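Here's the structure we're looking at; comments come further down.
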Amino acid sequence: GVDVAFEAVGHEATLGQAVEATRPGGHTTVIGVFGDPVEFEPQHLVSSQRSVGGSTSHQLGPKVTKEYDVVLRQLAAGDLDAEQYVSSRIDLEDVVEEGFHALLDEESEERKILVRP
């Protein structure tokens, strides 16, 4: 297993997968936003001495406007062009080859890939 895993989806299945993907003594950091309660088997932690922690990349609740207000105003006023940050658009069936592989390639200039369903 891996030393560290990140759950970034916010789904019961991916939480279990992230924890089970870690080696004994490994750690899973949960950054996904869960909309519903999930069932979790704590024995996956106890039997292999794994750990789970949580983190967030931004403020939540009423404070979210404080953090994003500047950018939202810039977008609304046309002072910020979000398109400049999109390097590619790909179809869902191409997400592995043209998405994940491209982002992992150190030679690639991809930085933000939007995926069409």
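Letters A, B, ... go to the chains of the structure tokens in the order shown; residues in each chain start at 1; ligands are counted from 1 in the same order.
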Report as a PyMOL selection string all protein, DNA and RNA residues lying within 9 Å of Arg116 of chain A, evaluated on only C-alpha atoms, omitting residues in the same chain fewer than 4 positions from it.
chain A and resi 89-92
Do a neighbour search on His27 of chain A at 10 Å with only C-alpha atoms, toss out local chain neighbours closer than 3 positions, and write the hits as JSON, numbers by chain.
{"A": [2, 3, 4, 5, 6, 18, 19, 21, 22, 23, 24, 30, 45, 49, 50, 51, 52, 53]}
Suppose we keep all heavy atoms; can you now write the selection as a CSV table (one decimal), in the first residue's frame?
```csv
chain,number,residue,atom,x,y,z
A,2,VAL,N,0.2,2.4,-0.1
A,2,VAL,CA,0.9,3.7,-0.2
A,2,VAL,C,1.0,4.2,1.3
A,2,VAL,O,0.3,3.8,2.2
A,2,VAL,CB,0.1,4.7,-1.1
A,2,VAL,CG1,0.0,4.2,-2.5
A,2,VAL,CG2,-1.3,4.9,-0.5
A,3,ASP,N,1.9,5.1,1.4
A,3,ASP,CA,2.1,5.8,2.7
A,3,ASP,C,1.0,6.7,3.1
A,3,ASP,O,0.5,6.8,4.2
A,3,ASP,CB,3.4,6.6,2.8
A,3,ASP,CG,4.7,5.7,2.7
A,3,ASP,OD1,4.6,4.5,3.1
A,3,ASP,OD2,5.7,6.2,2.1
A,4,VAL,N,0.5,7.5,2.1
A,4,VAL,CA,-0.5,8.5,2.3
A,4,VAL,C,-1.5,8.4,1.1
A,4,VAL,O,-1.1,8.3,0.0
A,4,VAL,CB,0.1,9.9,2.3
A,4,VAL,CG1,-0.9,11.0,2.5
A,4,VAL,CG2,1.1,10.0,3.5
A,5,ALA,N,-2.8,8.5,1.4
A,5,ALA,CA,-3.8,8.6,0.4
A,5,ALA,C,-4.7,9.8,0.7
A,5,ALA,O,-4.8,10.3,1.9
A,5,ALA,CB,-4.7,7.3,0.4
A,6,PHE,N,-5.3,10.4,-0.3
A,6,PHE,CA,-6.2,11.5,-0.2
A,6,PHE,C,-7.6,11.1,-0.7
A,6,PHE,O,-7.7,10.6,-1.8
A,6,PHE,CB,-5.7,12.7,-1.0
A,6,PHE,CG,-4.5,13.3,-0.4
A,6,PHE,CD1,-3.2,12.9,-0.7
A,6,PHE,CD2,-4.6,14.3,0.6
A,6,PHE,CE1,-2.1,13.4,-0.2
A,6,PHE,CE2,-3.4,14.9,1.2
A,6,PHE,CZ,-2.2,14.4,0.8
A,18,ALA,N,-9.6,4.7,-0.2
A,18,ALA,CA,-8.4,5.5,0.2
A,18,ALA,C,-7.8,4.8,1.4
A,18,ALA,O,-6.6,4.7,1.4
A,18,ALA,CB,-8.8,6.9,0.4
A,19,VAL,N,-8.6,4.5,2.4
A,19,VAL,CA,-8.1,3.9,3.6
A,19,VAL,C,-7.4,2.5,3.3
A,19,VAL,O,-6.3,2.2,3.7
A,19,VAL,CB,-9.1,3.8,4.7
A,19,VAL,CG1,-8.6,2.9,5.9
A,19,VAL,CG2,-9.6,5.1,5.2
A,21,ALA,N,-6.2,1.5,0.6
A,21,ALA,CA,-5.0,1.7,-0.3
A,21,ALA,C,-3.7,2.0,0.5
A,21,ALA,O,-2.6,1.8,0.0
A,21,ALA,CB,-5.3,2.7,-1.3
A,22,THR,N,-3.9,2.4,1.8
A,22,THR,CA,-2.7,2.7,2.5
A,22,THR,C,-2.1,1.4,3.1
A,22,THR,O,-2.7,0.5,3.4
A,22,THR,CB,-3.0,3.7,3.7
A,22,THR,OG1,-3.9,3.1,4.6
A,22,THR,CG2,-3.5,5.0,3.1
A,23,ARG,N,-0.8,1.5,3.3
A,23,ARG,CA,0.0,0.4,4.0
A,23,ARG,C,-0.4,0.4,5.5
A,23,ARG,O,-0.9,1.4,6.0
A,23,ARG,CB,1.5,0.6,3.8
A,23,ARG,CG,2.0,1.9,4.5
A,23,ARG,CD,3.5,1.9,4.6
A,23,ARG,NE,3.9,3.2,5.1
A,23,ARG,CZ,3.8,3.5,6.4
A,23,ARG,NH1,3.3,2.7,7.3
A,23,ARG,NH2,4.3,4.7,6.8
A,24,PRO,N,0.0,-0.7,6.2
A,24,PRO,CA,-0.1,-0.6,7.6
A,24,PRO,C,0.7,0.5,8.2
A,24,PRO,O,1.8,0.7,7.8
A,24,PRO,CB,0.5,-2.0,8.1
A,24,PRO,CG,0.2,-2.9,6.9
A,24,PRO,CD,0.4,-2.0,5.7
A,30,VAL,N,-8.7,13.2,4.4
A,30,VAL,CA,-10.0,13.4,3.7
A,30,VAL,C,-10.2,14.9,3.4
A,30,VAL,O,-10.2,15.8,4.3
A,30,VAL,CB,-11.2,13.0,4.6
A,30,VAL,CG1,-12.5,13.2,4.0
A,30,VAL,CG2,-11.0,11.5,5.0
A,45,LEU,N,-8.8,0.7,10.4
A,45,LEU,CA,-7.8,1.5,11.0
A,45,LEU,C,-7.1,0.7,12.1
A,45,LEU,O,-5.9,0.7,12.2
A,45,LEU,CB,-8.5,2.8,11.6
A,45,LEU,CG,-9.2,3.7,10.7
A,45,LEU,CD1,-9.9,4.8,11.4
A,45,LEU,CD2,-8.4,4.2,9.6
A,49,GLN,N,-3.2,-0.3,12.1
A,49,GLN,CA,-2.7,1.0,12.7
A,49,GLN,C,-2.6,2.1,11.7
A,49,GLN,O,-1.7,2.9,11.7
A,49,GLN,CB,-1.3,0.7,13.4
A,49,GLN,CG,-1.4,-0.3,14.5
A,49,GLN,CD,-0.1,-0.5,15.2
A,49,GLN,OE1,0.9,0.0,14.8
A,49,GLN,NE2,-0.1,-1.3,16.3
A,50,ARG,N,-3.7,2.2,10.9
A,50,ARG,CA,-3.8,3.3,10.0
A,50,ARG,C,-4.4,4.5,10.7
A,50,ARG,O,-5.1,4.4,11.7
A,50,ARG,CB,-4.7,2.9,8.8
A,50,ARG,CG,-4.1,1.8,7.9
A,50,ARG,CD,-5.1,1.4,6.9
A,50,ARG,NE,-4.6,0.5,5.9
A,50,ARG,CZ,-5.2,-0.6,5.6
A,50,ARG,NH1,-6.2,-1.0,6.2
A,50,ARG,NH2,-4.6,-1.4,4.7
A,51,SER,N,-4.3,5.7,10.1
A,51,SER,CA,-4.9,6.9,10.6
A,51,SER,C,-5.7,7.7,9.6
A,51,SER,O,-5.4,7.5,8.4
A,51,SER,CB,-3.9,7.8,11.3
A,51,SER,OG,-3.0,8.2,10.4
A,52,VAL,N,-6.7,8.4,10.0
A,52,VAL,CA,-7.4,9.3,9.1
A,52,VAL,C,-7.5,10.7,9.7
A,52,VAL,O,-7.8,10.8,10.9
A,52,VAL,CB,-8.9,8.7,8.9
A,52,VAL,CG1,-9.7,9.7,8.0
A,52,VAL,CG2,-8.8,7.3,8.2
A,53,GLY,N,-7.4,11.7,8.9
A,53,GLY,CA,-7.5,13.1,9.3
A,53,GLY,C,-8.3,13.8,8.2
A,53,GLY,O,-8.4,13.4,7.1
```
Tell me, which residues of chain A carry DSSP strand (DSSP E), written as a ChimeraX atom specification?
/A:2-7,22-30,51-54,88-91,113-116
For Ser88 of chain A, find every residue with an atom within 9 Å (counting only C-alpha atoms), except residues of its own chain fewer than 4 positions away, and show them as JSON, numbers by chain.
{"A": [99, 110, 111, 112, 113, 114, 115]}
Tell me, in Å to one decimal, how far atom CA of Gln43 of chain A is from atom CA of Gly10 of chain A.
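Atom CA of Gly10 of chain A lies at a distance of 20.5 Å from atom CA of Gln43 of chain A.
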Rounded to one decimal in Å, what is the spacing between atom CA of Pro117 of chain A and atom CA of Gly16 of chain A?
25.3 Å
